[in-house]
Every structure is written in structure tokens, then in C-alpha cells.
>>> print(open('upload20.pdb').read())   # PDB, C-alpha atoms, pLDDT in the B column
ATOM      1  CA  MET A   1     -37.201  11.345  51.528  1.00 60.00           C
ATOM      2  CA  SER A   2     -34.848  10.858  48.640  1.00 67.00           C
ATOM      3  CA  SER A   3     -34.573   7.136  49.336  1.00 73.00           C
ATOM      4  CA  ILE A   4     -38.357   6.782  49.334  1.00 74.00           C
ATOM      5  CA  ARG A   5     -38.612   8.732  46.085  1.00 76.00           C
ATOM      6  CA  ASN A   6     -36.036   6.539  44.423  1.00 77.00           C
ATOM      7  CA  ALA A   7     -37.734   3.373  45.649  1.00 77.00           C
ATOM      8  CA  ILE A   8     -40.908   4.177  43.757  1.00 78.00           C
ATOM      9  CA  SER A   9     -40.808   2.769  40.220  1.00 78.00           C
ATOM     10  CA  LYS A  10     -41.250   5.313  37.471  1.00 78.00           C
ATOM     11  CA  ARG A  11     -42.672   4.878  34.051  1.00 78.00           C
ATOM     12  CA  ALA A  12     -39.983   4.546  31.355  1.00 77.00           C
ATOM     13  CA  TYR A  13     -40.026   7.401  28.879  1.00 74.00           C
ATOM     14  CA  LYS A  14     -40.523   6.339  25.273  1.00 77.00           C
ATOM     15  CA  GLU A  15     -40.197   8.561  22.262  1.00 75.00           C
ATOM     16  CA  ARG A  16     -43.124   8.790  19.907  1.00 79.00           C
ATOM     17  CA  SER A  17     -42.638   6.834  16.699  1.00 82.00           C
ATOM     18  CA  GLN A  18     -43.768   7.785  13.225  1.00 85.00           C
ATOM     19  CA  PRO A  19     -47.521   7.239  12.760  1.00 87.00           C
ATOM     20  CA  ASP A  20     -48.571   4.600  10.267  1.00 88.00           C
ATOM     21  CA  SER A  21     -50.116   7.214   8.007  1.00 90.00           C
ATOM     22  CA  ARG A  22     -46.707   8.972   7.693  1.00 88.00           C
ATOM     23  CA  LYS A  23     -44.456   5.919   7.296  1.00 87.00           C
ATOM     24  CA  LYS A  24     -43.772   6.963   3.720  1.00 89.00           C
ATOM     25  CA  PHE A  25     -41.870  10.033   4.980  1.00 86.00           C
ATOM     26  CA  GLY A  26     -39.305   7.903   6.787  1.00 85.00           C
ATOM     27  CA  ILE A  27     -38.213   7.940  10.427  1.00 84.00           C
ATOM     28  CA  LEU A  28     -39.717  10.617  12.651  1.00 85.00           C
ATOM     29  CA  GLU A  29     -37.136  13.327  13.347  1.00 86.00           C
ATOM     30  CA  LYS A  30     -36.247  13.712  17.028  1.00 87.00           C
ATOM     31  CA  LYS A  31     -35.034  16.813  18.846  1.00 88.00           C
ATOM     32  CA  LYS A  32     -31.372  15.744  18.716  1.00 89.00           C
ATOM     33  CA  ASP A  33     -31.645  15.183  14.944  1.00 90.00           C
ATOM     34  CA  TYR A  34     -33.180  18.615  14.533  1.00 92.00           C
ATOM     35  CA  ASP A  35     -30.338  20.215  16.524  1.00 95.00           C
ATOM     36  CA  ILE A  36     -27.704  18.684  14.228  1.00 95.00           C
ATOM     37  CA  ARG A  37     -29.598  19.715  11.089  1.00 94.00           C
ATOM     38  CA  ALA A  38     -30.114  23.256  12.390  1.00 96.00           C
ATOM     39  CA  LYS A  39     -26.415  23.682  13.261  1.00 96.00           C
ATOM     40  CA  GLU A  40     -25.344  22.525   9.781  1.00 96.00           C
ATOM     41  CA  TYR A  41     -27.898  24.824   8.150  1.00 96.00           C
ATOM     42  CA  HIS A  42     -26.757  27.906  10.104  1.00 96.00           C
ATOM     43  CA  LYS A  43     -23.113  27.018   9.476  1.00 96.00           C
ATOM     44  CA  LYS A  44     -23.722  27.041   5.722  1.00 96.00           C
ATOM     45  CA  GLU A  45     -25.597  30.318   6.050  1.00 96.00           C
ATOM     46  CA  ASP A  46     -22.660  31.931   7.880  1.00 96.00           C
ATOM     47  CA  THR A  47     -20.206  30.659   5.245  1.00 95.00           C
ATOM     48  CA  LEU A  48     -22.281  32.089   2.397  1.00 95.00           C
ATOM     49  CA  ARG A  49     -22.650  35.391   4.238  1.00 95.00           C
ATOM     50  CA  ARG A  50     -18.878  35.719   4.735  1.00 94.00           C
ATOM     51  CA  LEU A  51     -18.201  34.886   1.087  1.00 93.00           C
ATOM     52  CA  LYS A  52     -20.730  37.503  -0.041  1.00 92.00           C
ATOM     53  CA  GLU A  53     -19.061  40.099   2.192  1.00 92.00           C
ATOM     54  CA  LYS A  54     -15.637  39.261   0.752  1.00 89.00           C
ATOM     55  CA  ALA A  55     -16.991  39.513  -2.787  1.00 87.00           C
ATOM     56  CA  ALA A  56     -18.657  42.866  -2.015  1.00 87.00           C
ATOM     57  CA  ASN A  57     -15.537  44.338  -0.386  1.00 87.00           C
ATOM     58  CA  ARG A  58     -13.123  42.999  -3.006  1.00 83.00           C
ATOM     59  CA  ASN A  59     -10.643  45.452  -4.455  1.00 82.00           C
ATOM     60  CA  PRO A  60     -10.918  45.381  -8.265  1.00 77.00           C
ATOM     61  CA  ASP A  61      -7.243  46.411  -8.556  1.00 79.00           C
ATOM     62  CA  GLU A  62      -5.958  43.393  -6.604  1.00 77.00           C
ATOM     63  CA  PHE A  63      -3.438  41.220  -8.403  1.00 76.00           C
ATOM     64  CA  TYR A  64      -2.203  37.688  -7.693  1.00 74.00           C
ATOM     65  CA  PHE A  65       0.328  35.722  -9.711  1.00 73.00           C
ATOM     66  CA  GLY A  66      -2.207  32.906  -9.741  1.00 71.00           C
ATOM     67  CA  MET A  67      -4.288  35.041 -12.116  1.00 70.00           C
ATOM     68  CA  ILE A  68      -1.731  34.623 -14.896  1.00 73.00           C
ATOM     69  CA  ARG A  69      -0.540  31.118 -13.927  1.00 72.00           C
ATOM     70  CA  SER A  70      -3.924  29.428 -14.163  1.00 76.00           C
ATOM     71  CA  ASN A  71      -6.597  28.877 -16.761  1.00 76.00           C
ATOM     72  CA  THR A  72     -10.358  28.741 -16.369  1.00 76.00           C
ATOM     73  CA  ILE A  73     -11.822  25.489 -17.687  1.00 76.00           C
ATOM     74  CA  ASN A  74     -15.601  25.108 -17.399  1.00 78.00           C
ATOM     75  CA  GLY A  75     -15.664  27.771 -14.709  1.00 74.00           C
ATOM     76  CA  VAL A  76     -12.926  26.057 -12.623  1.00 75.00           C
ATOM     77  CA  HIS A  77      -9.415  27.484 -12.186  1.00 69.00           C
ATOM     78  CA  ARG A  78      -6.758  25.020 -13.241  1.00 73.00           C
ATOM     79  CA  PRO A  79      -3.034  25.694 -12.596  1.00 71.00           C
ATOM     80  CA  GLU A  80      -0.715  25.597 -15.573  1.00 69.00           C
ATOM     81  CA  SER A  81       1.288  22.465 -16.212  1.00 64.00           C
ATOM     82  CA  GLU A  82       4.562  22.343 -14.300  1.00 54.00           C
ATOM     83  CA  ALA A  83       6.103  19.625 -16.450  1.00 50.00           C
ATOM     84  CA  ASN A  84       8.626  21.958 -18.092  1.00 55.00           C
ATOM     85  CA  LYS A  85       9.679  23.962 -15.054  1.00 61.00           C
ATOM     86  CA  HIS A  86      12.897  21.897 -14.652  1.00 61.00           C
ATOM     87  CA  THR A  87      15.874  21.964 -16.968  1.00 66.00           C
ATOM     88  CA  PRO A  88      17.107  18.735 -18.618  1.00 67.00           C
ATOM     89  CA  GLU A  89      20.104  18.685 -16.258  1.00 65.00           C
ATOM     90  CA  GLU A  90      17.824  18.905 -13.212  1.00 65.00           C
ATOM     91  CA  LEU A  91      15.602  16.127 -14.556  1.00 66.00           C
ATOM     92  CA  LEU A  92      18.643  13.918 -15.151  1.00 67.00           C
ATOM     93  CA  LEU A  93      19.853  14.549 -11.590  1.00 67.00           C
ATOM     94  CA  MET A  94      16.439  13.665 -10.124  1.00 68.00           C
ATOM     95  CA  LYS A  95      16.301  10.454 -12.145  1.00 70.00           C
ATOM     96  CA  THR A  96      19.783   9.550 -10.870  1.00 72.00           C
ATOM     97  CA  GLN A  97      18.621  10.014  -7.279  1.00 75.00           C
ATOM     98  CA  ASP A  98      15.563   7.865  -7.980  1.00 80.00           C
ATOM     99  CA  ARG A  99      17.787   5.123  -9.387  1.00 81.00           C
ATOM    100  CA  GLY A 100      19.908   5.236  -6.240  1.00 83.00           C
ATOM    101  CA  TYR A 101      16.818   4.790  -4.085  1.00 84.00           C
ATOM    102  CA  VAL A 102      15.584   1.843  -6.171  1.00 84.00           C
ATOM    103  CA  LEU A 103      19.031   0.229  -6.029  1.00 87.00           C
ATOM    104  CA  GLN A 104      19.056   0.622  -2.246  1.00 88.00           C
ATOM    105  CA  LYS A 105      15.659  -1.074  -2.005  1.00 87.00           C
ATOM    106  CA  ILE A 106      16.894  -3.930  -4.236  1.00 88.00           C
ATOM    107  CA  LEU A 107      19.898  -4.575  -1.988  1.00 91.00           C
ATOM    108  CA  SER A 108      17.715  -4.423   1.120  1.00 90.00           C
ATOM    109  CA  GLU A 109      15.193  -6.889  -0.296  1.00 90.00           C
ATOM    110  CA  LYS A 110      17.973  -9.270  -1.399  1.00 90.00           C
ATOM    111  CA  LYS A 111      19.404  -9.298   2.140  1.00 91.00           C
ATOM    112  CA  LYS A 112      15.972 -10.130   3.546  1.00 89.00           C
ATOM    113  CA  VAL A 113      15.528 -12.921   0.976  1.00 89.00           C
ATOM    114  CA  GLU A 114      18.922 -14.447   1.836  1.00 90.00           C
ATOM    115  CA  LYS A 115      18.175 -14.293   5.563  1.00 88.00           C
ATOM    116  CA  LEU A 116      14.758 -15.901   5.074  1.00 86.00           C
ATOM    117  CA  ARG A 117      16.226 -18.637   2.878  1.00 86.00           C
ATOM    118  CA  ALA A 118      18.831 -19.434   5.544  1.00 85.00           C
ATOM    119  CA  VAL A 119      16.152 -19.727   8.232  1.00 82.00           C
ATOM    120  CA  LEU A 120      13.971 -22.004   6.079  1.00 80.00           C
ATOM    121  CA  HIS A 121      16.966 -24.135   5.076  1.00 74.00           C
ATOM    122  CA  SER A 122      17.928 -24.670   8.711  1.00 72.00           C
ATOM    123  CA  SER A 123      14.342 -25.599   9.606  1.00 67.00           C
ATOM    124  CA  ASP A 124      14.120 -28.098   6.726  1.00 62.00           C
ATOM    125  CA  ASN A 125      17.393 -29.775   7.784  1.00 61.00           C
ATOM    126  CA  ARG A 126      16.425 -30.146  11.448  1.00 59.00           C
ATOM    127  CA  PRO A 127      17.736 -33.241  13.292  1.00 54.00           C
ATOM    128  CA  SER A 128      15.543 -36.267  13.764  1.00 53.00           C
ATOM    129  CA  SER A 129      13.664 -36.613  17.062  1.00 54.00           C
ATOM    130  CA  LYS A 130      13.138 -40.391  16.868  1.00 59.00           C
ATOM    131  CA  HIS A 131      13.463 -42.291  20.127  1.00 61.00           C
ATOM    132  CA  VAL A 132      15.454 -45.553  20.254  1.00 62.00           C
ATOM    133  CA  TYR A 133      14.433 -48.293  22.684  1.00 64.00           C
ATOM    134  CA  PHE A 134      16.474 -51.375  23.584  1.00 63.00           C
ATOM    135  CA  ALA A 135      14.799 -54.614  24.622  1.00 63.00           C
ATOM    136  CA  GLU A 136      16.259 -57.795  26.088  1.00 67.00           C
ATOM    137  CA  ASP A 137      13.993 -60.147  24.196  1.00 69.00           C
ATOM    138  CA  SER A 138      11.095 -60.223  21.756  1.00 74.00           C
ATOM    139  CA  GLU A 139       8.448 -60.118  24.483  1.00 76.00           C
ATOM    140  CA  GLU A 140       9.855 -56.929  25.956  1.00 73.00           C
ATOM    141  CA  ALA A 141      10.093 -55.439  22.451  1.00 73.00           C
ATOM    142  CA  LYS A 142       6.404 -56.180  21.824  1.00 74.00           C
ATOM    143  CA  GLU A 143       5.500 -54.631  25.186  1.00 77.00           C
ATOM    144  CA  ILE A 144       7.456 -51.426  24.419  1.00 71.00           C
ATOM    145  CA  GLN A 145       5.929 -51.229  20.946  1.00 72.00           C
ATOM    146  CA  SER A 146       2.361 -51.592  22.240  1.00 74.00           C
ATOM    147  CA  LYS A 147       2.961 -49.020  24.993  1.00 70.00           C
ATOM    148  CA  SER A 148       4.465 -46.531  22.563  1.00 65.00           C
ATOM    149  CA  SER A 149       1.599 -46.901  20.107  1.00 63.00           C
ATOM    150  CA  ARG A 150      -0.943 -46.264  22.889  1.00 58.00           C
ATOM    151  CA  ASP A 151       0.849 -43.173  24.199  1.00 56.00           C
ATOM    152  CA  GLY A 152       1.554 -41.814  20.721  1.00 54.00           C
ATOM    153  CA  GLU A 153       5.291 -41.609  21.311  1.00 46.00           C
ATOM    154  CA  LEU A 154       6.316 -43.196  18.015  1.00 42.00           C
ATOM    155  CA  ARG A 155       6.461 -40.393  15.489  1.00 49.00           C
ATOM    156  CA  THR A 156       8.092 -40.272  12.118  1.00 45.00           C
ATOM    157  CA  SER A 157      11.096 -38.082  11.619  1.00 42.00           C
ATOM    158  CA  GLY A 158       9.153 -35.835   9.230  1.00 48.00           C
ATOM    159  CA  SER A 159       6.234 -35.116  11.588  1.00 54.00           C
ATOM    160  CA  VAL A 160       5.972 -31.405  12.430  1.00 58.00           C
ATOM    161  CA  PRO A 161       3.410 -29.685  14.699  1.00 69.00           C
ATOM    162  CA  SER A 162       0.623 -27.843  12.907  1.00 77.00           C
ATOM    163  CA  ALA A 163       1.616 -24.457  14.362  1.00 77.00           C
ATOM    164  CA  ILE A 164       5.147 -24.793  12.984  1.00 76.00           C
ATOM    165  CA  MET A 165       3.801 -25.945   9.618  1.00 78.00           C
ATOM    166  CA  ARG A 166       1.591 -22.841   9.388  1.00 82.00           C
ATOM    167  CA  LYS A 167       4.544 -20.604  10.211  1.00 82.00           C
ATOM    168  CA  MET A 168       6.685 -22.346   7.596  1.00 82.00           C
ATOM    169  CA  LYS A 169       3.978 -21.939   4.944  1.00 84.00           C
ATOM    170  CA  ALA A 170       3.671 -18.242   5.815  1.00 85.00           C
ATOM    171  CA  SER A 171       7.466 -17.893   5.579  1.00 85.00           C
ATOM    172  CA  TYR A 172       7.523 -19.567   2.152  1.00 86.00           C
ATOM    173  CA  LYS A 173       4.770 -17.213   0.958  1.00 88.00           C
ATOM    174  CA  GLU A 174       6.749 -14.248   2.264  1.00 88.00           C
ATOM    175  CA  LEU A 175       9.873 -15.532   0.508  1.00 87.00           C
ATOM    176  CA  GLU A 176       7.987 -15.868  -2.781  1.00 89.00           C
ATOM    177  CA  ALA A 177       6.543 -12.350  -2.430  1.00 89.00           C
ATOM    178  CA  ARG A 178       9.958 -10.844  -1.675  1.00 89.00           C
ATOM    179  CA  GLU A 179      11.558 -12.623  -4.639  1.00 90.00           C
ATOM    180  CA  LYS A 180       8.791 -11.258  -6.861  1.00 89.00           C
ATOM    181  CA  ARG A 181       9.415  -7.782  -5.427  1.00 88.00           C
ATOM    182  CA  VAL A 182      13.129  -8.065  -6.206  1.00 89.00           C
ATOM    183  CA  GLU A 183      12.314  -8.988  -9.822  1.00 89.00           C
ATOM    184  CA  ASP A 184       9.939  -6.030 -10.142  1.00 86.00           C
ATOM    185  CA  LEU A 185      12.476  -3.619  -8.658  1.00 85.00           C
ATOM    186  CA  GLU A 186      15.223  -4.899 -10.951  1.00 87.00           C
ATOM    187  CA  ARG A 187      12.937  -4.397 -13.949  1.00 83.00           C
ATOM    188  CA  VAL A 188      12.149  -0.854 -12.797  1.00 83.00           C
ATOM    189  CA  TYR A 189      15.861  -0.157 -12.258  1.00 84.00           C
ATOM    190  CA  ALA A 190      16.707  -1.387 -15.763  1.00 82.00           C
ATOM    191  CA  GLU A 191      13.956   0.796 -17.254  1.00 81.00           C
ATOM    192  CA  MET A 192      15.197   3.847 -15.334  1.00 81.00           C
ATOM    193  CA  ALA A 193      18.763   3.163 -16.459  1.00 80.00           C
ATOM    194  CA  LEU A 194      17.566   2.981 -20.072  1.00 78.00           C
ATOM    195  CA  GLN A 195      15.647   6.252 -19.760  1.00 77.00           C
ATOM    196  CA  LYS A 196      18.734   7.918 -18.307  1.00 77.00           C
ATOM    197  CA  GLU A 197      20.854   6.750 -21.216  1.00 75.00           C
ATOM    198  CA  LEU A 198      18.250   7.945 -23.715  1.00 75.00           C
ATOM    199  CA  GLN A 199      18.431  11.449 -22.241  1.00 73.00           C
ATOM    200  CA  LYS A 200      22.110  11.723 -23.081  1.00 72.00           C
ATOM    201  CA  LYS A 201      23.272  13.461 -26.218  1.00 74.00           C
ATOM    202  CA  GLY A 202      24.056  11.569 -29.378  1.00 72.00           C
ATOM    203  CA  ARG A 203      22.290  10.047 -32.369  1.00 77.00           C
ATOM    204  CA  LYS A 204      20.655   6.720 -31.657  1.00 76.00           C
ATOM    205  CA  ARG A 205      18.067   4.395 -33.127  1.00 77.00           C
ATOM    206  CA  LYS A 206      15.936   1.522 -31.897  1.00 78.00           C
ATOM    207  CA  LEU A 207      16.972  -1.878 -33.217  1.00 78.00           C
ATOM    208  CA  ARG A 208      14.488  -4.119 -34.975  1.00 76.00           C
ATOM    209  CA  GLU A 209      13.707  -7.594 -33.657  1.00 71.00           C
ATOM    210  CA  ASP A 210      15.666  -9.283 -36.451  1.00 72.00           C
ATOM    211  CA  GLU A 211      18.749  -7.191 -35.580  1.00 74.00           C
ATOM    212  CA  ILE A 212      18.839  -8.272 -31.930  1.00 72.00           C
ATOM    213  CA  VAL A 213      21.053 -11.305 -31.292  1.00 70.00           C
ATOM    214  CA  SER A 214      19.280 -12.482 -28.130  1.00 72.00           C
ATOM    215  CA  PRO A 215      15.881 -10.783 -27.867  1.00 71.00           C
ATOM    216  CA  THR A 216      14.524 -10.338 -24.350  1.00 69.00           C
ATOM    217  CA  GLY A 217      11.307  -8.474 -25.132  1.00 68.00           C
ATOM    218  CA  ARG A 218      12.790  -5.135 -24.099  1.00 72.00           C
ATOM    219  CA  PRO A 219      13.697  -2.339 -26.509  1.00 74.00           C
ATOM    220  CA  VAL A 220      17.359  -2.122 -27.512  1.00 76.00           C
ATOM    221  CA  TYR A 221      18.974   1.079 -28.793  1.00 77.00           C
ATOM    222  CA  LYS A 222      22.201   1.591 -30.680  1.00 78.00           C
ATOM    223  CA  TRP A 223      24.156   4.828 -30.621  1.00 74.00           C
ATOM    224  CA  ARG A 224      25.834   5.950 -33.834  1.00 74.00           C
ATOM    225  CA  ALA A 225      29.573   6.208 -33.750  1.00 73.00           C
ATOM    226  CA  GLU A 226      30.806   9.780 -33.498  1.00 71.00           C
ATOM    227  CA  ARG A 227      34.204  11.049 -34.405  1.00 71.00           C
ATOM    228  CA  LYS A 228      36.063  12.401 -31.402  1.00 69.00           C
ATOM    229  CA  ARG A 229      38.100  15.516 -31.861  1.00 63.00           C
TER     230      ARG A 229
END
>>> encode(input="upload20.pdb", output="C-alpha cells")
Amino acid sequence: MSSIRNAISKRAYKERSQPDSRKKFGILEKKKDYDIRAKEYHKKEDTLRRLKEKAANRNPDEFYFGMIRSNTINGVHRPESEANKHTPEELLLMKTQDRGYVLQKILSEKKKVEKLRAVLHSSDNRPSSKHVYFAEDSEEAKEIQSKSSRDGELRTSGSVPSAIMRKMKASYKELEAREKRVEDLERVYAEMALQKELQKKGRKRKLREDEIVSPTGRPVYKWRAERKR
């Protein structure tokens, strides 16, 4: 019986669409859409109910350190600034560690640049793949030349397949990007070294542009001579 029941074609079920008179209200909500909306609505209700219970059962004598370590700005709790929680010695040590990390990245990038340059140099100086033919007379030479031109065997020494050319262009772009990264890291390292020196004790002043022998666009400081005991 089941085979007979399955053999009979059934009418395809189609969901009712939004009537033309209610098109302005958007797409007609289906049962699955209502289920999702109802679950989200009841979830928000449960969250608000739990928060109200916590507020009602709150102990007025409770104390948290966050109460004195935060400020209320426009009704929102903001933690106090933690900029001065470290001593100058700790800040100097952290900056030294950061400089070591930047220096390590500079050395790593320079090694990658050197390796990439070596690969590109070897590919540019590749040996020639030109074929040499020997003929007994001029007629045989003309025959070999015509046959080679038809088969496309005569290629110039500088001809490179398109796939290799694309890879070489990508490698040159990568080399340029890595060289730019090395320059940026070296500039960051120099700035961090300057900031570390400025944190040291001693009287110093920033030199004017006319006092700098070879200006580079970066600030130059001069420490005043101190008498050593």
C-alpha cells in the first residue's frame, strides 16, 4: 500500500504570501520567524527579571575595590587611568625589552631580504637555452631555419614563460615590501632608542636646525656636561 500511496502525486505546499493590501508592512511573518522572535523576546525578559532580582536582593553594605578605582561619567563606570602604575625603572625595562623585539624583527627581515635577493639574482643570470644547428650547405641551413620558425623552436635568450614572469614580478613586489618594512622598523628602533636616552637623568636640550651639522629631519638632543666626582 505504501508504494501505491507514494506513486500518487501530491500537491506541493506553498506558503501564503503577503496580500497586496498589506505590502507596505513588509514580508509576511512565517511560523519559523515567529519562533525566533518569541525566543529572543523571552530571553530578554528572563535577563531583566534576573537583574531585577539581583538589584532587589543586593546588600547595601557590600564593598568592591572597583567602587573606589572607577569614576562615573555620564552614568557609565570608567576605570581610573593606569598610566602611572609603573615606576620609571619598570617603564625603562619594558622599553628595553620592546627594543630587543624590534631589533630581532629587523634582523629577521634582513635575512629574508638577502635570501630573496639571492634567488632573484640567480634567476636573472640564468644560462641561455639557445639551440645551435650545424648545416652542410646553404640549402640545408634554409631548410632548418624554415622548420624551426614553423615549430617555434627559435627563441631568444631572454624569453621567459609567462608563469615564471608572474612569479618573478610577485617576488620583486615582495622584496620591495620587505625592504620598506626594514626601513620602517629601523626608524621605529631609532625612535625607541631616542626615547630611552631621554628617560635617563641629566640636563639636556633640543638643538635648533642651525646648530645641527647634517640635519636629517629628526630631533637632536645635547646633554650638558656634568662634573664627575
>>> closest_residue(input="upload20.pdb", among="A:Lys204, A:Lys112, A:Lys30, A:Lys196", to="Lys14 (chain A)", atoms="only C-alpha atoms")
A:Lys30
>>> residues_around(input="upload20.pdb", residues="Leu207 (chain A)", least_positions_apart="3", cutoff="10 Å", atoms="all atoms listed in the file", output="PyMOL selection string")
chain A and resi 204+210-212+219-222
>>> write_last_selection(input="upload20.pdb", atoms="C-alpha atoms", output="mmCIF file, keeping the file's coordinate frame")
data_model
loop_
_atom_site.group_PDB
_atom_site.id
_atom_site.type_symbol
_atom_site.label_atom_id
_atom_site.label_comp_id
_atom_site.auth_asym_id
_atom_site.auth_seq_id
_atom_site.Cartn_x
_atom_site.Cartn_y
_atom_site.Cartn_z
ATOM 1 C CA LYS A 204 20.655 6.720 -31.657
ATOM 2 C CA ASP A 210 15.666 -9.283 -36.451
ATOM 3 C CA GLU A 211 18.749 -7.191 -35.580
ATOM 4 C CA ILE A 212 18.839 -8.272 -31.930
ATOM 5 C CA PRO A 219 13.697 -2.339 -26.509
ATOM 6 C CA VAL A 220 17.359 -2.122 -27.512
ATOM 7 C CA TYR A 221 18.974 1.079 -28.793
ATOM 8 C CA LYS A 222 22.201 1.591 -30.680
#
>>> residues_around(input="upload20.pdb", residues="Leu120 (chain A)", least_positions_apart="6", cutoff="8 Å", atoms="all atoms listed in the file", output="ChimeraX atom specification")
/A:168,171-172
>>> atom_distance(input="upload20.pdb", atom1="CA of Arg117 (chain A)", atom2="CA of Lys173 (chain A)")
11.7 Å
>>> resolve_selection(input="upload20.pdb", expression="the PyMOL selection byres ((chain A and resi 105) around 12)", output="count of residues only")
23
>>> resolve_selection(input="upload20.pdb", expression="the PyMOL selection byres ((chain A and resi 64-68) around 10)", output="PyMOL selection string")
chain A and resi 62-63+69-72+77-80
>>> atom_distance(input="upload20.pdb", atom1="CA of Ser3 (chain A)", atom2="CA of Glu15 (chain A)")
27.7 Å
>>> decode(input="upload20.pdb", residues="region 52-70 of chain A", atoms="C-alpha atoms", output="PDB file, in the first residue's frame")
ATOM      1  CA  LYS A  52      15.759  42.966  38.993  1.00  0.00           C
ATOM      2  CA  GLU A  53      16.090  40.113  41.496  1.00  0.00           C
ATOM      3  CA  LYS A  54      19.795  40.850  41.975  1.00  0.00           C
ATOM      4  CA  ALA A  55      19.062  44.542  42.480  1.00  0.00           C
ATOM      5  CA  ALA A  56      16.296  43.748  44.998  1.00  0.00           C
ATOM      6  CA  ASN A  57      18.444  41.298  46.981  1.00  0.00           C
ATOM      7  CA  ARG A  58      21.574  43.462  46.918  1.00  0.00           C
ATOM      8  CA  ASN A  59      23.339  44.008  50.212  1.00  0.00           C
ATOM      9  CA  PRO A  60      23.762  47.763  50.779  1.00  0.00           C
ATOM     10  CA  ASP A  61      26.900  47.100  52.869  1.00  0.00           C
ATOM     11  CA  GLU A  62      28.735  45.303  50.045  1.00  0.00           C
ATOM     12  CA  PHE A  63      32.091  46.752  49.077  1.00  0.00           C
ATOM     13  CA  TYR A  64      34.258  46.231  45.989  1.00  0.00           C
ATOM     14  CA  PHE A  65      37.596  47.864  45.258  1.00  0.00           C
ATOM     15  CA  GLY A  66      36.152  48.806  41.885  1.00  0.00           C
ATOM     16  CA  MET A  67      33.934  51.300  43.727  1.00  0.00           C
ATOM     17  CA  ILE A  68      36.928  53.473  44.600  1.00  0.00           C
ATOM     18  CA  ARG A  69      39.001  52.707  41.477  1.00  0.00           C
ATOM     19  CA  SER A  70      36.438  53.896  38.951  1.00  0.00           C
TER      20      SER A  70
END
